[in-house]
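*Asks:* What follows is target29.pdb; its format and atoms are PDB, C-alpha atoms.
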ATOM      1  CA  MET A 554       9.012  10.124 -18.725
ATOM      2  CA  GLY A 555       5.813   8.184 -19.323
ATOM      3  CA  VAL A 556       2.891   7.998 -16.915
ATOM      4  CA  PHE A 557       0.655   4.931 -16.959
ATOM      5  CA  THR A 558      -2.467   5.022 -14.788
ATOM      6  CA  PHE A 559      -4.537   2.074 -13.567
ATOM      7  CA  GLU A 560      -7.510   1.836 -11.224
ATOM      8  CA  ASN A 561      -8.535  -0.956  -8.898
ATOM      9  CA  GLU A 562     -11.353  -1.602  -6.431
ATOM     10  CA  ILE A 563     -11.551  -4.187  -3.692
ATOM     11  CA  THR A 564     -14.316  -4.836  -1.176
ATOM     12  CA  SER A 565     -14.258  -5.617   2.531
ATOM     13  CA  THR A 566     -16.820  -6.493   5.176
ATOM     14  CA  VAL A 567     -15.009  -4.181   7.641
ATOM     15  CA  ALA A 568     -16.363  -0.633   8.109
ATOM     16  CA  PRO A 569     -14.280   2.152   6.506
ATOM     17  CA  ALA A 570     -13.239   3.882   9.766
ATOM     18  CA  LYS A 571     -12.002   0.650  11.357
ATOM     19  CA  LEU A 572     -10.211  -0.534   8.217
ATOM     20  CA  TYR A 573      -8.606   2.895   7.709
ATOM     21  CA  LYS A 574      -7.302   2.854  11.273
ATOM     22  CA  ALA A 575      -5.706  -0.554  10.641
ATOM     23  CA  MET A 576      -4.341   0.271   7.183
ATOM     24  CA  VAL A 577      -3.006   3.759   7.907
ATOM     25  CA  LYS A 578      -2.858   4.769  11.562
ATOM     26  CA  ASP A 579      -1.721   1.412  12.984
ATOM     27  CA  ALA A 580      -0.007   0.090   9.834
ATOM     28  CA  ASP A 581       3.577   0.247  11.108
ATOM     29  CA  ASN A 582       2.758  -2.132  13.976
ATOM     30  CA  LEU A 583      -0.063  -4.116  12.411
ATOM     31  CA  ILE A 584       1.355  -5.019   8.973
ATOM     32  CA  PRO A 585       4.189  -7.227  10.348
ATOM     33  CA  LYS A 586       1.551  -9.073  12.429
ATOM     34  CA  ALA A 587      -0.851  -9.472   9.497
ATOM     35  CA  VAL A 588       1.678 -10.405   6.775
ATOM     36  CA  GLU A 589       4.111 -13.142   7.748
ATOM     37  CA  ALA A 590       6.734 -12.179   5.148
ATOM     38  CA  ILE A 591       6.952  -8.545   6.333
ATOM     39  CA  GLN A 592       9.462  -8.283   9.156
ATOM     40  CA  SER A 593       9.188  -4.586   9.972
ATOM     41  CA  VAL A 594       7.872  -1.175   8.974
ATOM     42  CA  GLU A 595       9.936   1.745  10.204
ATOM     43  CA  THR A 596       9.942   5.463   9.579
ATOM     44  CA  VAL A 597      13.453   6.351   8.399
ATOM     45  CA  GLU A 598      12.778  10.013   7.638
ATOM     46  CA  GLY A 599      10.133  12.385   8.994
ATOM     47  CA  ASN A 600       7.433  11.959  11.634
ATOM     48  CA  GLY A 601       5.114   9.577   9.756
ATOM     49  CA  GLY A 602       3.150  12.366   8.063
ATOM     50  CA  PRO A 603       3.399  13.673   4.487
ATOM     51  CA  GLY A 604       6.997  13.734   3.235
ATOM     52  CA  SER A 605       8.051  10.877   5.524
ATOM     53  CA  ILE A 606       9.917   7.847   4.169
ATOM     54  CA  LYS A 607       9.031   4.383   5.495
ATOM     55  CA  LYS A 608      11.105   1.249   4.994
ATOM     56  CA  LEU A 609       9.251  -2.072   4.739
ATOM     57  CA  THR A 610      11.611  -5.002   5.262
ATOM     58  CA  PHE A 611      10.423  -8.434   4.144
ATOM     59  CA  LEU A 612      11.540 -11.948   3.248
ATOM     60  CA  GLU A 613      11.206 -13.085  -0.355
ATOM     61  CA  GLY A 614      12.771 -16.234  -1.756
ATOM     62  CA  GLY A 615      14.793 -16.680   1.442
ATOM     63  CA  GLU A 616      16.350 -13.199   1.095
ATOM     64  CA  THR A 617      15.749 -10.093   3.174
ATOM     65  CA  LYS A 618      14.607  -7.241   0.914
ATOM     66  CA  TYR A 619      13.001  -3.842   1.341
ATOM     67  CA  VAL A 620      10.946  -1.137  -0.353
ATOM     68  CA  LEU A 621      10.856   2.560   0.471
ATOM     69  CA  HIS A 622       7.474   4.281   0.677
ATOM     70  CA  LYS A 623       7.125   8.043   0.684
ATOM     71  CA  VAL A 624       3.964   9.326   2.366
ATOM     72  CA  GLU A 625       2.446  11.856  -0.035
ATOM     73  CA  ALA A 626      -0.850  12.778   1.694
ATOM     74  CA  ILE A 627      -3.087  11.679   4.553
ATOM     75  CA  ASP A 628      -6.789  12.626   4.555
ATOM     76  CA  GLU A 629      -8.297  11.136   7.706
ATOM     77  CA  ALA A 630     -11.650  12.897   7.231
ATOM     78  CA  ASN A 631     -12.180  11.153   3.869
ATOM     79  CA  PHE A 632     -10.226   7.939   4.630
ATOM     80  CA  GLY A 633      -7.578   8.804   2.039
ATOM     81  CA  TYR A 634      -3.905   7.820   1.991
ATOM     82  CA  ASN A 635      -1.486   8.526  -0.839
ATOM     83  CA  TYR A 636       2.063   7.187  -1.040
ATOM     84  CA  SER A 637       4.750   6.333  -3.567
ATOM     85  CA  ILE A 638       7.267   3.525  -3.845
ATOM     86  CA  VAL A 639      10.501   5.457  -4.338
ATOM     87  CA  GLY A 640      13.183   2.803  -3.836
ATOM     88  CA  GLY A 641      14.092  -0.777  -3.054
ATOM     89  CA  VAL A 642      13.187  -3.986  -4.851
ATOM     90  CA  GLY A 643       9.574  -2.906  -5.452
ATOM     91  CA  LEU A 644      10.766  -0.505  -8.120
ATOM     92  CA  PRO A 645      11.650  -2.010 -11.517
ATOM     93  CA  ASP A 646      14.707  -0.524 -13.282
ATOM     94  CA  THR A 647      12.478   1.139 -15.884
ATOM     95  CA  VAL A 648      10.302   2.919 -13.310
ATOM     96  CA  GLU A 649      11.045   6.244 -11.595
ATOM     97  CA  LYS A 650       8.310   5.777  -8.967
ATOM     98  CA  ILE A 651       4.928   4.156  -8.456
ATOM     99  CA  SER A 652       2.265   6.317  -6.801
ATOM    100  CA  PHE A 653      -0.861   5.061  -5.057
ATOM    101  CA  ASP A 654      -3.856   7.300  -4.357
ATOM    102  CA  SER A 655      -6.151   5.276  -2.132
ATOM    103  CA  LYS A 656      -9.454   5.907  -0.452
ATOM    104  CA  LEU A 657     -11.961   3.842   1.497
ATOM    105  CA  VAL A 658     -15.670   4.479   0.963
ATOM    106  CA  ALA A 659     -18.777   2.937   2.468
ATOM    107  CA  GLY A 660     -19.662  -0.381   0.908
ATOM    108  CA  PRO A 661     -22.611  -2.753   1.137
ATOM    109  CA  ASN A 662     -23.844  -4.002   4.510
ATOM    110  CA  GLY A 663     -21.606  -1.683   6.552
ATOM    111  CA  GLY A 664     -18.418  -2.750   4.783
ATOM    112  CA  SER A 665     -15.905  -0.847   2.685
ATOM    113  CA  ILE A 666     -14.791  -0.422  -0.876
ATOM    114  CA  GLY A 667     -11.107   0.306  -1.321
ATOM    115  CA  LYS A 668     -10.435   2.436  -4.385
ATOM    116  CA  VAL A 669      -6.908   2.951  -5.620
ATOM    117  CA  THR A 670      -5.398   4.757  -8.572
ATOM    118  CA  VAL A 671      -1.891   3.547  -9.400
ATOM    119  CA  LYS A 672       0.466   5.670 -11.502
ATOM    120  CA  TYR A 673       3.657   4.196 -12.911
ATOM    121  CA  GLN A 674       6.076   7.005 -13.764
ATOM    122  CA  THR A 675       8.580   5.384 -16.080
ATOM    123  CA  LYS A 676      12.034   6.376 -17.257
ATOM    124  CA  GLY A 677      12.159   7.494 -20.885
ATOM    125  CA  ASN A 678       9.636   5.721 -23.084
ATOM    126  CA  ALA A 679       9.557   2.528 -21.034
ATOM    127  CA  GLU A 680       6.195   0.889 -20.333
ATOM    128  CA  PRO A 681       5.456  -1.358 -17.353
ATOM    129  CA  SER A 682       5.270  -4.998 -18.397
ATOM    130  CA  GLU A 683       2.089  -7.044 -18.057
ATOM    131  CA  ASP A 684       3.850  -9.164 -15.384
ATOM    132  CA  GLU A 685       4.837  -6.061 -13.381
ATOM    133  CA  LEU A 686       1.234  -4.874 -13.429
ATOM    134  CA  LYS A 687      -0.200  -8.279 -12.486
ATOM    135  CA  ASN A 688       2.341  -8.783  -9.686
ATOM    136  CA  GLY A 689       1.771  -5.273  -8.340
ATOM    137  CA  LYS A 690      -2.005  -5.736  -8.275
ATOM    138  CA  ALA A 691      -1.694  -9.159  -6.641
ATOM    139  CA  LYS A 692       0.603  -7.801  -3.914
ATOM    140  CA  GLY A 693      -1.690  -4.836  -3.249
ATOM    141  CA  ASP A 694      -4.782  -7.032  -3.055
ATOM    142  CA  ALA A 695      -2.980  -9.517  -0.785
ATOM    143  CA  LEU A 696      -1.897  -6.758   1.604
ATOM    144  CA  PHE A 697      -5.446  -5.365   1.733
ATOM    145  CA  LYS A 698      -6.919  -8.820   2.444
ATOM    146  CA  ALA A 699      -4.231  -9.622   5.053
ATOM    147  CA  ILE A 700      -5.037  -6.470   7.013
ATOM    148  CA  GLU A 701      -8.764  -7.112   6.658
ATOM    149  CA  GLY A 702      -8.180 -10.694   7.872
ATOM    150  CA  TYR A 703      -6.239  -9.468  10.897
ATOM    151  CA  VAL A 704      -9.051  -7.084  11.876
ATOM    152  CA  LEU A 705     -11.685  -9.809  11.427
ATOM    153  CA  ALA A 706      -9.624 -12.344  13.404
ATOM    154  CA  ASN A 707      -9.164  -9.876  16.274
ATOM    155  CA  PRO A 708     -12.662  -8.700  17.226
ATOM    156  CA  ASP A 709     -11.275  -6.571  20.063
ATOM    157  CA  TYR A 710      -9.287  -4.499  17.564
ATOM    158  CA  ASN A 711     -10.759  -1.000  17.333
TER     159      ASN A 711
END
Would you kindly transcribe this structure into C-alpha cells?

*Replies:*
Amino acid sequence: MGVFTFENEITSTVAPAKLYKAMVKDADNLIPKAVEAIQSVETVEGNGGPGSIKKLTFLEGGETKYVLHKVEAIDEANFGYNYSIVGGVGLPDTVEKISFDSKLVAGPNGGSIGKVTVKYQTKGNAEPSEDELKNGKAKGDALFKAIEGYVLANPDYN
C-alpha cells in the first residue's frame, strides 16, 4: 500500500470557533442547507463521535450517490476534526481510503485559516491521478466555502 500526502490551506473571514461549530458540530444539519447537491448527512453507525460512520447522500449528474465518512478524531479545544472516506463513490478503485486531518486556526482580522492534510492510502503501488487530486481539492474547497457562505448569509447563526 502506498501513502501519498498533500497539504492545503484555505482562509475565511469567519472566526474559528463559529466556523468549527458549523463545520463539525452542526454539520449533519447544516451541510444539506449549505450545499444544494447534498441531500442528507446521517450517522449510520455510532453516536457521531470517533469511530462513527456517516453517510452523505448527494445528487451528481442526475444520479443519487453517496460517500461514507468515518470519524477518526474530534478535538474541540483545538478546532480539530479528522475523518476518512471509507466507501461510496468518493473512493476511486485504486484507493483504500482517503484521510483528512483538519484544523482551524486564527487568521487575519478575526477570521480563520483552515489547514488540512490529506492522505491517500492506495492499493498496491497505485498512485492517485492528477485529476483525482484536483477534483478532491476542488470539492473540499467548495464545501468549505459553502459552509462559510451559509454562516455569513445567516448572521443569527451562532

*Asks:* Which residue, A:Thr670, A:Thr617, A:Gln592, A:Asn600, has the smallest gap to Val642 in chain A when you use all atoms listed in the file?

*Replies:*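 Answer, going by the shortest atom-to-atom distance: A:Thr617.
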
*Asks:* Which residue out of A:Leu621, A:Leu657, A:Ala679, A:Val669 has the minimum interatomic distance to Met576 in chain A when all atoms listed in the file are used?

*Replies:* A:Leu657

*Asks:* Enumerate, as a VMD selection string, the residues matched when the PyMOL selection byres ((chain A and resi 698-704) around 10) is run on the file above.

*Replies:* chain A and resid 563 to 567 571 to 572 575 to 576 580 583 to 589 692 to 697 705 to 711

*Asks:* Ranking A:Glu560, A:Glu613, A:Asp684, A:Glu598 by minimum distance to Asp654 in chain A and counting only C-alpha atoms, which one comes first?

*Replies:*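 Once distances to Asp654 in chain A are computed over only C-alpha atoms, the minimum belongs to A:Glu560.
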
*Asks:* Please list, as a list in words, the residues that have an atom at most 12 Å away from (13.2, -9.6, 1.1) in the coordinates of this file, counting all atoms listed in the file.

*Replies:*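 Neighbouring residues, ordered by chain and number, come to Glu589, Ala590, Ile591, Gln592, Ser593, Lys608, Leu609, Thr610, Phe611, Leu612, Glu613, Gly614, Gly615, Glu616, Thr617, Lys618, Tyr619, Val620, Gly641, Val642 and Gly643 of chain A.
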
*Asks:* Neighbours of Thr675 in chain A within 6 Å (all atoms listed in the file; same-chain residues fewer than 3 positions away dropped), as a ChimeraX atom specification?

*Replies:* /A:554-555,647-649,679

*Asks:* So what does the PyMOL selection byres ((chain A and resi 605) around 12) actually pick up in this one, as an NGL selection string?

*Replies:* :A and (595-604 or 606-608 or 621-627 or 635-639)

*Asks:* Show me as a list in words the residues that reach within 6 Å of (-9.9, 7.8, 2.6), counting all atoms listed in the file and using the file's own coordinates.

*Replies:*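 Every polymer residue passing the test: Asn631, Phe632, Gly633, Lys656 and Leu657 of chain A.
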
*Asks:* Report, in Å to a single decimal, how far apart CA of Phe557 in chain A and CA of Val658 in chain A are.

*Replies:*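 If I compute the distance from CA of Val658 in chain A to CA of Phe557 in chain A, I get 24.2 Å.
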
*Asks:* Would you mind telling me which residue in A:Asn561, A:Ala570, A:Asn688, A:Leu644 lies nearest to Gly663 in chain A when using all atoms listed in the file?

*Replies:*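 So, comparing all the options, the nearest one is A:Ala570.
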
*Asks:* Just want the 10 Å neighbourhood of Leu686 in chain A, counted on all atoms listed in the file, with same-chain residues fewer than 5 positions away dropped. Output as a PyMOL selection string.

*Replies:* chain A and resi 559+671+673+681+691-692

*Asks:* What does the structure give for the distance between CA of Asp579 in chain A and CA of Lys687 in chain A, in Å to one decimal?

*Replies:*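 Interatomic distance here is 27.3 Å.
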
*Asks:* In Å to one decimal, how far is CA of Val594 in chain A from CA of Gly689 in chain A?

*Replies:*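 So the two atoms, CA of Gly689 in chain A and CA of Val594 in chain A, lie 18.8 Å apart.
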